[in-house]
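*Asks:* Below you will find the structure I want to go over with you.
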Amino acid sequence: MKLLIRPFLILWLTVVFLTELLKSAWKVFIEVMTPGLSATPRMVAMPLDAKTDGGITTTANMITLTPGTLTVDVSDDRQYLLIHAMWGAEGTEAVNADMKHNLERVVMRALE
Amino acid sequence: MEPSLAIVVGILVGGGAYLMMSANLIRFLFGLTLVSNAVNLAIFTAGRMTYGAPSLVPPGGKTVAEGAANALPQALILTAIVIGFGLLAFTLSLVLRAYVTFGTANSAEIREAEPMPEGRRDDSGKG
Amino acid sequence: MNSLILNTAARLMVPVLVIFSLLVLWRGHNDPGGGFIGGLLAATSLALYEKAAGLERTERMLRIPPLAISAVGLACALASAVWGAIAKGYVLAGVWPLLTVGPGGEKEGLPVGSILLFDLGVFLVVVGGVSAMLFALEEAAVPAHQDEQDDIEGKD
Amino acid sequence: MTQTDTGTMPAAAKEGETAGSPQPGIGRALLFAPSLVAALAFVWFLTFLPAIGRGEVFTLVYPWIPALGIEFAFLLDGLGLIFALLVTGIGALIFLYAAGYFLGDPRAGRIITLLFLFAIAMLGLVLADDVVTLFLFWEGTTVTSFLLVGFDYQKAYARRAALQALLVTGMGGLALLGGLILLGDFAGSYRLSEMIAMGPAVSEAAIYGPVLALFLLGAFTKSAQFPFHFWLPGAMAAPTPVSAYLHSATMVKAGVYLLMRMNPALGGTEVWFWVLTIFGATTMLIGSIWALRQTDLKQMLAHTTVMGLGTLVMFIGGGTEKAAIGAALFLVVHALYKAALFLMVGCLDKKAGTREVDDLAGLGRAMPITAWAAALAAFSMAGMIPFVGFLGKEVMYEASFSVITEPVLVAGAAYVANAMMVAVALIVAVGPFHFSAPRSPKPAMDPSWTLWLGPVLLAGLGLVLGVIAPLTGDAVVNPVAASILGRPVDYHLKLWHGVNAALIMSILTFVLGFLFWRTARPIRAGLAGAQASGLISADELYDRVLEGVRATAKAVTGRLQNGVLTSYMRATFAALAIVLWGAIALSGGPRPTPSFDLPLISYATMAIMLIATAAVIITRSRLAAIASLGAIGTSISIIFVLYGAIDVALTQLMIEILVVVFLAIALLRLPRTPERKGFRVGDAGIAAAVGLGVTVVLISVLGTPLDLTLTEFFEENSAPVAFGRNVVNVILVDFRALDTLGEIAVIVIAAIGAVAALKAGRQAAAKTTTTMEPGE
Amino acid sequence: MLEGVLDILGAVLLVAGGAFCFSAAVGLYRLPDVFMRMHASTKAGTLGLMFIVIAFALTQPALDVVIKAILVSVFMIITAPIGSHLVGRAAFRTGQPMWHRTILDEETRRFQPPGGLEIVHLGDDGEPLPDDPGRILAASSSAGEAPADR
Amino acid sequence: MLLAAPILLPLATAILCFLLRRYRFHRILSQLSALALIVLGIVILLEAIEGPVTAQMGGWAAPFGITLAGDVLSGIMVTITGLAAFTALTYATVEVDTATEQLGFHALAQSMVGGVCGAFLTGDLFNLYVWFEVMLISSFGLLVIGGGRAQIDGAVKYVALNLVGTLAFLSGVGLLYGTAGTLNMADLGVKLAGRMDETAVLGAAGLLMFAFAAKAALFPVFFWLPASYHTPAFATSALFSALLTKVGVYALLRVFTLVFEVDNPVVSGALIGAAAITIALGALGAAAQDDIRRVFSFHIVSQIGVMTLGLALATPLALAGAVFYFLHHIPAMMGMFLLGGIVAREAGSERLDRIGGLWSAGPWLGVLFLIPMLSLIGIPPLSGFWAKFFMIRASFEDGAFLLGGLILVASLLTFLYLGRVFVAAFWQPYPGPAEEAPAATAPPLQLLLPVMVLAGVTLAISFQAGTLFDLAALSATQLGDSAPYVSQVLRQQP
Amino acid sequence: MSTLGATLSGPLAWGAAIAGLFVIAGIFVTLYRVIVGPTLADRVVGLDLLSMLLTALLVLFALAVEVSAYLDAALALSLVSFLATVAFARYLERRQDVEAGRQEIRREHGDA
Ligand code: NA
Ligand code: NA
């Protein structure tokens with residue numbers, strides 16, 4: 001069953017991802033092309049649910065290409081991602097929740 | 001004809017030559033890279049390359065389309081690039097080796113084969 | 001580097017790239033590509049793998065020492081030269097045993113012959129030579145205690 | 001002057017005394033074989049005397065390099081014959097003497113072999129009739145002389161003397177070679193006889209000056225003429241038989257031979273007369289004065305040899321028939337008594353234990369044969385009647401008067417020299433043997449027959465030839481003089497001419513000679529004082545010249561080859577700039593006016609390259625430099641794409657990034673760029689000249705039309721014949737596959753070399769790095 | 001007709017792609033520290049390049065063009081974040097300067113090297129702050145020199 | 001196949017040497033290959049006496065495909081290359097240790113030989129560049145392999161300076177292609193006839209002259225040679241002395257007779273100037289040295305000047321003299337280097353003030369030493385005399401009395417410095433402790449055999465000077481009049 | 001002077017030209033970062049973007065002159081530039097460790 005729907009999940013993942021990428025680039029565009037800096041950077045450690053190499057890698061990559069966040073590192077125990085967020089003013093939880101909701105779940109559904 | 005390329009070649013050669021005259025072997029390597037590139041570009045320029053299409057015969061065709069790039073200098077440059085890479089890679093290894101051996105990458109301090117006239121002489125050094 | 005992310009990606013990408021480089025070698029007689037470009041592509045991929053997985057694992061994966069690969073490549077090219085000399089009377093002449101040319105110049109069969117052997121030789125030489133230099137540089141440039149440190153950190 | 005151990009011969013150095021295992025029987029017999037061979041050759045040459053006396057000439061020619069007219073050619077005439085007789089005759093005696101002298105010495109075989117080889121070379125020299133043949137044997141004598149002088153190679157002075165003789169005579173040999181080639185090319189023939197046959201035509205030619213200078217340099221060095229006379233006393237480092245043979249009788253006469261031989265072609269001019277007279281007279285006087293300075297009998301004889309050679313040269317310069325006769329006669333006279341005296345001194349050295357004149361006295365009774373030989377030779381030397389030396393002196397004075405230009409000068413010089421010979425004869429023959437109680441370092445006795453036979457025969461021959469003066473004149477002297485003059489000679493040698501000017505001069509000579517003998521000690525002391533007061537001798541001059549050459553060589557080389565890579569690179573690039581700008585300055589042809597019409601993307605790419613180039617030079621960050629290099633390489637590959645060179649672009653791109661990667665790896669280990677020592681203006685000037693030169697030449701290239709025949713051939717044949725549609729690839733692997741073969745060989749070899757360099761480096765580092773893991 | 005539409009669509013994509021590319025460069029220039037600069041280069045750069053490639057594939061829809069376009073896009077999507085991850089990780093581990101307004105969560109401690117590290121803070125002008133209180137992340141007393149590659 | 005064999009055979013040997021694990025096989029293969037090369041060279045020589053022979057690579061007609069061309073000169077050079085390789089590699093079997101062999105010594109040596117043969121046989125300018133590079137990179141490898149400190153220092157200078165030459169060569173080829181549209185040397189000669197005064201042509205000629213001069217070690221680009229030749233193994237030094245500079249002079253000879261016009265006053269003036277200064281500086285340099293191999297190195301430089309003079313004068317005799325000089329110099333110089341190796345091995349040093357006592361240990365070695373030494377000094381009838389004689393005569397005939405004189409003066413310095421070496425090595429008492437003094441035991445046969453072979457060859461050349469001069473003259477004729485070569489290369493069939 | 005030397009015309013040519021101008025401008029801005037730094041990481045990020053922009057330029061050119069073969073170069077560039085980034089990142093990370101090793105070598109050779 002999972003095998004059958006997996007292609008669709010991957011396709012969904014792609015769609016989600018491309019939309020996120022577009023949003024993310026747009027945010028950067030606005031940030032740098034308008035005067036002043038609105039950024040409130042924050043480095044956070046995000047707990048990982050994905051366990052496989054592929055899952056972690058995909059998650060990490062997608063986090064980078066989506067708005068405001070950038071994967072810096074994976075912890076040696078594979079439990080955390082080190083993430084640099086451009087707009088982290090609302091706090092760690094907000095950043096994490098956004099990413100978890102948008103991406104990691106989709107990735108895990110598609111790949112794990 | 002592309003005189004602007006000729007000027008670029010001259011500047012690259014000049015810059016590379018300046019670096020190659022440096023005592024710092026790393027800068028020498030940089031200069032070597034520059035001059036190698038410049039020479040390839042010189043052949044390219046001398047080969048009267050024109051702004052145009054690649055020298056490919058279309059499938060089923062007999063010869064290349066009109067205005068295709070001159071293929072011969074391309075082949076020559078390709079050969080030269082690869083040879084230049086071999087030389088550069090070897091030279092790089094040598095510089096590294098010289099550093100491991102002498103503890104310096106300054107050619108002025110590498111004085112074993114031709115020691116200072118009045119300076120110390122290493123007895124054991126002869127290989 | 002011991003990056004999980006890089007490792008995973010490299011494991012995925014490198015085989016694809018190597019196959020792609022062979023494709024570039026094959027089609028090089030008719031399209032951009034050929035032994036050099038294919039070889040460089042493969043060498044670049046190996047370099048990438050080396051960066052991701054480390055020298056030792058890369059050497060183990062290759063099995064044959066890279067210098068031997070490049071020597072075999074040169075041997076292929078020489079063999080092609082002699083093949084041409086024997087079959088056509090001219091050193092390095094193109095021999096196409098599987099190709100027949102019709103009266104109108106149309107070609108049938110596989111474009112496999114001495115020229116492809118030569119190009120394969122070029123490919124192998126480039127792959128082997130570049131990798132050999134890369135590995136040797138890597139080995140020489142990274143002092144021993146570095147490797148040690150890698151081992152402490154490393155669980156690739 | 002203080003003796004140092006740098007190689008000046010100690011005054012009383014011993015020679016040939018190394019004890020060794022005795023020769024085995026056959027070896028001992030073999031030692032005497034050369035003597036026999038030489039004796040047979042002597043006899044064979046004697047048979048030519050009548051024919052030569054009649055004016056006949058014998059030739060022997062083998063082709064050698066026909067394309068250049070070089071032959072292995074010999075000619076036997078009067079001059080050649082007398083030299084051949086001296087070489088073989090004295091040779092036979094000296095080989096015999098040497099065999100005895102070195103009996104039981106393991107080096108006997110070597111010295112006799114070398115002496116024999118020398119004899120062959122000398123014989124060839126005097127008989128050669130071809131430029132190359134002559135030079136071959138000329139250099140043969142130089143080399144054998146080198147080896148013979150350096151026979152006692154353990155001694156520093158012997159090594160020095162050998163090298164000195166090699167250099168001085170080597171220099172002359174090279175000059176002679178130059179002269180021979182010049183003259184040969186002028187004459188259109190390399191046959192000496194044909195050159196000589198040209199006669200005065202040579203001295204009227206433009207090349208006469210250089211040819212003369214070169215020949216004289218050759219002759220003067222070989223025959224120890226001032227200022228090259230110093231090597232001969234040094235060469236006395238050789239064992240006595242060698243000195244007797246090479247350095248009195250034969251080799252040193254090679255220069256004299258050359259002058260005699262070339263006289264018809266080169267002589268007869270003012271310059272010839274003056275040069276030979278002045279140098280000959282100077283040599284003669286220097287030789288005679290310094291002969292008195294010596295206490296070592298061998299050294300004394302060596303200096304009188306210098307004097308004798310000067311005399312010969314002076315008379316060759318004289319140019320008249322009498323002068324030629326005088327030279328010819330004195331040649332024979334000198335060879336006979338001087339060889340005899342040398343051998344006699346060798347006997348003294350061996351049997352009385354020293355050659356120091358002050359340590360020898362009253363040995364006449366203990367060594368009667370030696371004493372007699374000494375006396376006979378000395379009589380001839382002093383010019384006693386009826387010895388051949390008397391004839392020599394008479395003719396010499398006659399010749400002096402006959403000289404057209406400066407008879408007083410010549411006669412005066414001859415007078416002093418002859419008086420000195422009398423004095424030396426007295427010192428050598430009287431001092432050690434007579435009028436005093438016996439005194440010698442070891443108990444003296446006559447040597448075995450092999451040692452005394454030579455001196456006795458040679459000295460005796462001096463008497464015989466004097467007695468049979470007319471025969472000596474007709475058979476020996478006249479043919480030689482004829483060769484010197486290049487025309488037949490009609491002169492009748494007589495023992496007694498009656499009382500004439502020459503006889504009076506002879507008597508006055510004895511008086512002066514006797515005075516010299518009696519005052520020898522004070523003269524010696526005075527000379528020693530002069531020497532000590534810093535008068536520079538030619539020998540010291542030689543040292544200074546040699547030091548000067550070495551110092552110049554070291555200075556020049558040290559400046560150029562200074563071991564500093566940057567200075568080499570600077571010179572190399574400067575040379576490149578000169579080549580480029582030289583070519584530009586000295587050429588013409590199309591110089592197009594540049595036009596600039598390209599899309600923005602081209603100029604943008606070029607601008608990237610220029611900015612990055614500046615960055616590589618200026619930046620102190622190595623990573624920025626590497627990154628800039630990467631940017632340059634990538635930009636070049638974009639340019640390749642813009643112009644349709646996709647294959648090249650792909651290759652360039654990947655190679656460039658590989659270079660960047662390699663550099664990044666290497667920089668992990670390599671040290672930081674040290675602070676730049678400012679802008680190197682000179683280097684920048686050179687670099688700019690090179691770069692601009694390349695641009696100018698490149699633009700000139702662009703001004704010529706390009707012939708695209710090759711490219712069209714490739715394009716048309718690529719698909720239909722070579723079965724490939726990518727023309728560039730087909731060129732690489734088919735049309736020009738040999739280039740590619742070499743190129744991939746370069747990659748393989750570069751990889752082998754790089755791995756070898758780095759692996760070995762790692763091994764080398766492993767030896768010193770303490771933090772290395774075991775088993776690495 | 002379709003071709004005309006595609007051409008216009010392509011032109012729009014091209015201009016947008018170019019603009020994104022340019023914005024990435026501007027971001028690299030304007031943003032104050034390396035981490036923030038990576039945001040710009042990674043996201044805007046990747047999308048800009050993708051737009052241009054897609055425009056190519058739309059306007060010259062030959063099979064090989066489409067394949068190459070997809071390859072380039074996929075490749076960019078895979079490699080760009082990996083590159084920024086590697087550079088970011090190195091930058092973080094070697095204590096590269098960071099904008100002074102950056103907040104560091106406590107949990108990021110686990111990503112620091114065992115010896116801890118000291119981070120230089122950059123002011124709004126991009127220059128290191130003169131009297132930086134320092135947000136030292138872990139015990140590390142040695143006052144190292146500025147790691148700027150000068 | 002005949003003309004390609006001297007290139008393919010060493011390369012194949014190199015591969016085999018590299019792939020084979022047994023080092024004994026390396027040696028045997030290496031030596032056999034070198035012997036085969038001698039045979040190939042002689043065959044080419046014999047065929048070329050009738051006139052140049054050519055082969056078109058890939059069957060593509062000239063000037064489209066690459067031409068290999070063998071004339072008398074290339075035949076001679078291939079033969080000597082074989083001889084040089086055989087002797088040096090035989091010597092190396094003892095001198096070069098297994099660890100170095102393991103790193104690829106024989107592969108490098110063989111590929112250098114292949115590159116050298118390629119340079120001698122190719123008729124294509126770009127292909128010449130390629131073989132130059134093969135030779136160059138192999139020599140780089142040989143220089144650093146198994147090296148100590150001095151070797152690395154020498155290698156750095158050697159590599160750095162040679163790279164400049166190589167880049168100039170490549171630019172020159174590129175510019176020449178851009179001017180004439182062809183790369184075949186015969187075709188280039190035809191296309192460039194009468195165009196020497198164009199900036200493009202003269203500039204390219206200048207670059208090529210610079211490059212070849214750098215390879216030949218002419219003033220002012222000879223620094224690399226004395227900086228490096230004394231550092232590697234003696235076998236390597238000897239091989240270098242035989243081949244590397246000669247390829248540079250060969251290229252000058254070939255390219256400046258076939259492609260350019262050497263009688264152009266600018267070209268000949270530059271060559272004469274460079275050659276004359278090289279002769280002088282080389283001889284002075286040798287006189288200034290205190291190490292055996294450094295003396296030899298500068299001697300090579302000086303002799304390279306003389307050979308180049310042969311080209312610069314460009315009369316038939318001068319060209320023949322230059323060719324004869326090759327014949328003489330390679331075996332004699334190699335013999336000298338290898339004997340220097342034996343001397344250094346026996347006496348334990350290369351410094352003239354630290355060696356000695358060898359005559360007492362065995363005069364036969366001294367006699368052997370005298371053969372190449374006297375030949376290099378130019379003592380008749382040894383080969384070196386003839387070489388010098390031809391050159392001096394050629395200078396005088398051309399009215400260049402000063403040049404002839406210069407050769408003579410340089411010869412005098414040769415007396416000085418080679419005489420010094422001989423005296424130091426053989427006559428001077430051993431300066432070190434007596435127990436370290438050279439013993440009277442003979443060196444291994446593998447060391448003596450090559451030296452004896454080379455001495456034998458020198459003697460053979462000496463006594464066959466007439467025959468060999470005829471050969472050199474024939475070669476000079478072929479060089480001087482390139483019409484037969486050109487027509488043979490460009491005849492319209494592959 | 002045209003921007004790309006385009007062979008095509010119409011809106012696409014205009015679009016390509018404008019995009020070309022954007023990209024070229026971006027390249028020079030990025031070069032500033034590569035050369036000026038100030039940190040090594042900045043340069044590496046700059047180089048990464050530089051190669052991305054050069055890739056874009058190549059694609060634009062290929063589009064403008066309608067030669068799809070040139071896309072190969074873009075593909076290759078994206079591959080090798082990734083390799084360069086990886087190498088530089090490693091250089092960044094290792095440099096400091098290596099600095100320690102170098103001290104050792106200097107000590108051995110007794111000079112700084
Ligand atoms: Na993100
Ligand atoms: Na990238």
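Ligands are numbered from 1 in the order shown, chains are lettered A, B, ... in the order of the structure tokens, and residues start at 1 in each chain.
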Counting only C-alpha atoms and all ligand atoms, which protein, DNA or RNA residues come within 6 Å of ligand 1, given as a ChimeraX atom specification?

*Replies:* /A:63-70

*Asks:* Could the residues in this selection be written to a file with C-alpha atoms, as a compact mmCIF listing (two decimals), in the first residue's frame?

*Replies:*
# COMPACT_ATOMS: atom_id res chain seq x y z
CA ILE A 63 15.03 23.17 5.72
CA THR A 64 17.77 25.09 4.03
CA LEU A 65 15.77 25.83 0.93
CA THR A 66 12.65 26.92 2.76
CA PRO A 67 12.00 30.39 4.13
CA GLY A 68 14.18 31.81 6.81
CA THR A 69 16.03 28.71 7.93
CA LEU A 70 19.30 27.10 7.10

*Asks:* Go through chain A and collect every residue that DSSP, computed from the backbone, puts in helix (DSSP H, G or I); the answer should be as an MDAnalysis selection string.

*Replies:* chainID A and resid 2:33 53:65 92:111

*Asks:* I need the chain B residues near chain D as number ranges by chain; criterion: at most 6 Å, counting only C-alpha atoms.

*Replies:* B: 1, 3, 6-7, 10-11, 13-14, 17-18, 21, 23, 50-57, 63, 69, 71-72, 75, 78, 83, 86, 90, 93, 97, 108, 114

*Asks:* Next, the residues of the selection above should be written as a compact mmCIF listing (two decimals), in the first residue's frame with C-alpha atoms.

*Replies:*
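Printed below is selection29.txt as written:
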# COMPACT_ATOMS: atom_id res chain seq x y z
CA MET B 1 39.86 38.99 -34.80
CA PRO B 3 42.30 42.14 -30.03
CA ALA B 6 45.00 39.58 -26.97
CA ILE B 7 45.08 42.32 -24.37
CA GLY B 10 48.95 40.01 -22.16
CA ILE B 11 47.64 41.04 -18.77
CA VAL B 13 50.83 36.68 -18.80
CA GLY B 14 52.20 39.78 -17.12
CA ALA B 17 55.07 36.28 -14.74
CA TYR B 18 55.15 38.72 -11.84
CA MET B 21 59.18 35.72 -10.00
CA ALA B 23 60.22 33.82 -3.82
CA THR B 50 34.77 33.33 -34.07
CA TYR B 51 31.71 33.97 -32.04
CA GLY B 52 29.78 30.96 -33.17
CA ALA B 53 28.47 27.44 -33.08
CA PRO B 54 30.23 24.33 -31.83
CA SER B 55 32.06 22.25 -34.39
CA LEU B 56 29.55 19.43 -34.48
CA VAL B 57 28.28 17.74 -37.62
CA THR B 63 30.01 18.52 -42.56
CA ALA B 69 34.12 27.25 -34.56
CA ALA B 71 38.03 22.77 -34.47
CA LEU B 72 41.79 22.40 -34.72
CA ALA B 75 41.89 20.18 -30.04
CA LEU B 78 42.38 20.72 -25.03
CA ILE B 83 49.22 18.67 -20.18
CA GLY B 86 49.69 17.41 -15.31
CA PHE B 90 53.28 17.72 -10.34
CA SER B 93 53.31 18.06 -5.30
CA ARG B 97 57.38 17.98 -0.86
CA ALA B 108 65.28 31.75 -1.03
CA GLU B 114 73.64 25.25 -4.41

*Asks:* For ligand 2, list the contacting residues at 6 Å or closer, counting only C-alpha atoms and all ligand atoms, as a PyMOL selection string.

*Replies:* (chain E and resi 79-80) or (chain G and resi 48+78+81-82)

*Asks:* As a VMD selection string, please: the residues near Glu47 of chain F (cut-off 9 Å, only C-alpha atoms, same-chain neighbours under 6 positions excluded).

*Replies:* chain F and resid 53 70 to 72 75

*Asks:* Give as a PyMOL selection string every residue of chain C that touches chain E within 9 Å, counting only C-alpha atoms.

*Replies:* chain C and resi 1+3+5-6+9

*Asks:* At a cut-off of 6 Å, which residues of chain D touch chain G? Count only C-alpha atoms and give the answer as a list in words.

*Replies:* Pro599, Leu600, Ile601, Ala624, Leu650, Val661 and Leu668 of chain D

*Asks:* Could you work out how far atom CA of Asp290 of chain F lies from atom CA of Arg160 of chain D, giving the answer in Å with one decimal?

*Replies:*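 Interatomic distance here is 16.8 Å.
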
*Asks:* Would you kindly report the residues of chain B within 10 Å of chain F, using only C-alpha atoms, as a PyMOL selection string?

*Replies:* chain B and resi 17+20-21+25+28-29+32+35-36+38-48+72-73+76-77+79-80+83-84+86-88+90-91+94-95+97-99+101-102+107+109-115+122-127

*Asks:* Would you kindly return, as an mmCIF file with N, CA, C and O atoms, in the first residue's frame, each protein, DNA or RNA residue with an atom no farther than 8 Å from any atom of Thr8 of chain C, considering only C-alpha atoms and excluding same-chain residues fewer than 5 positions away?

*Replies:*
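Output contents, as saved in out20.cif:
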data_model
loop_
_atom_site.group_PDB
_atom_site.id
_atom_site.type_symbol
_atom_site.label_atom_id
_atom_site.label_comp_id
_atom_site.auth_asym_id
_atom_site.auth_seq_id
_atom_site.Cartn_x
_atom_site.Cartn_y
_atom_site.Cartn_z
ATOM 1 N N ASP A 53 19.383 7.859 7.089
ATOM 2 C CA ASP A 53 20.305 8.819 6.464
ATOM 3 C C ASP A 53 19.576 9.677 5.459
ATOM 4 O O ASP A 53 19.708 10.898 5.428
ATOM 5 N N GLY A 54 18.790 8.978 4.615
ATOM 6 C CA GLY A 54 18.083 9.708 3.569
ATOM 7 C C GLY A 54 17.108 10.710 4.152
ATOM 8 O O GLY A 54 17.008 11.845 3.695
ATOM 9 N N THR A 57 18.956 13.672 5.701
ATOM 10 C CA THR A 57 19.557 14.495 4.662
ATOM 11 C C THR A 57 18.501 15.316 3.945
ATOM 12 O O THR A 57 18.669 16.532 3.731
#

*Asks:* Given a cut-off of 9 Å, which residues of chain A touch chain C, counting only C-alpha atoms, written out as a list in words?

*Replies:*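 Applying the cut-off to the listed atoms yields Asp53, Gly54, Ile56, Thr57, Thr58, Ala60, Asn61, Asp73, Val74, Asp76 and Arg78 of chain A.
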
*Asks:* For segment 9-25 of chain A, find every residue with an atom within 8 Å (counting only C-alpha atoms), except residues of its own chain fewer than 3 positions away, and show them as JSON, numbers by chain.

*Replies:* {"A": [5, 6, 28, 29, 62, 65, 66, 67, 68, 103, 106, 107, 109, 110, 111], "E": [20, 40, 43, 44, 47]}
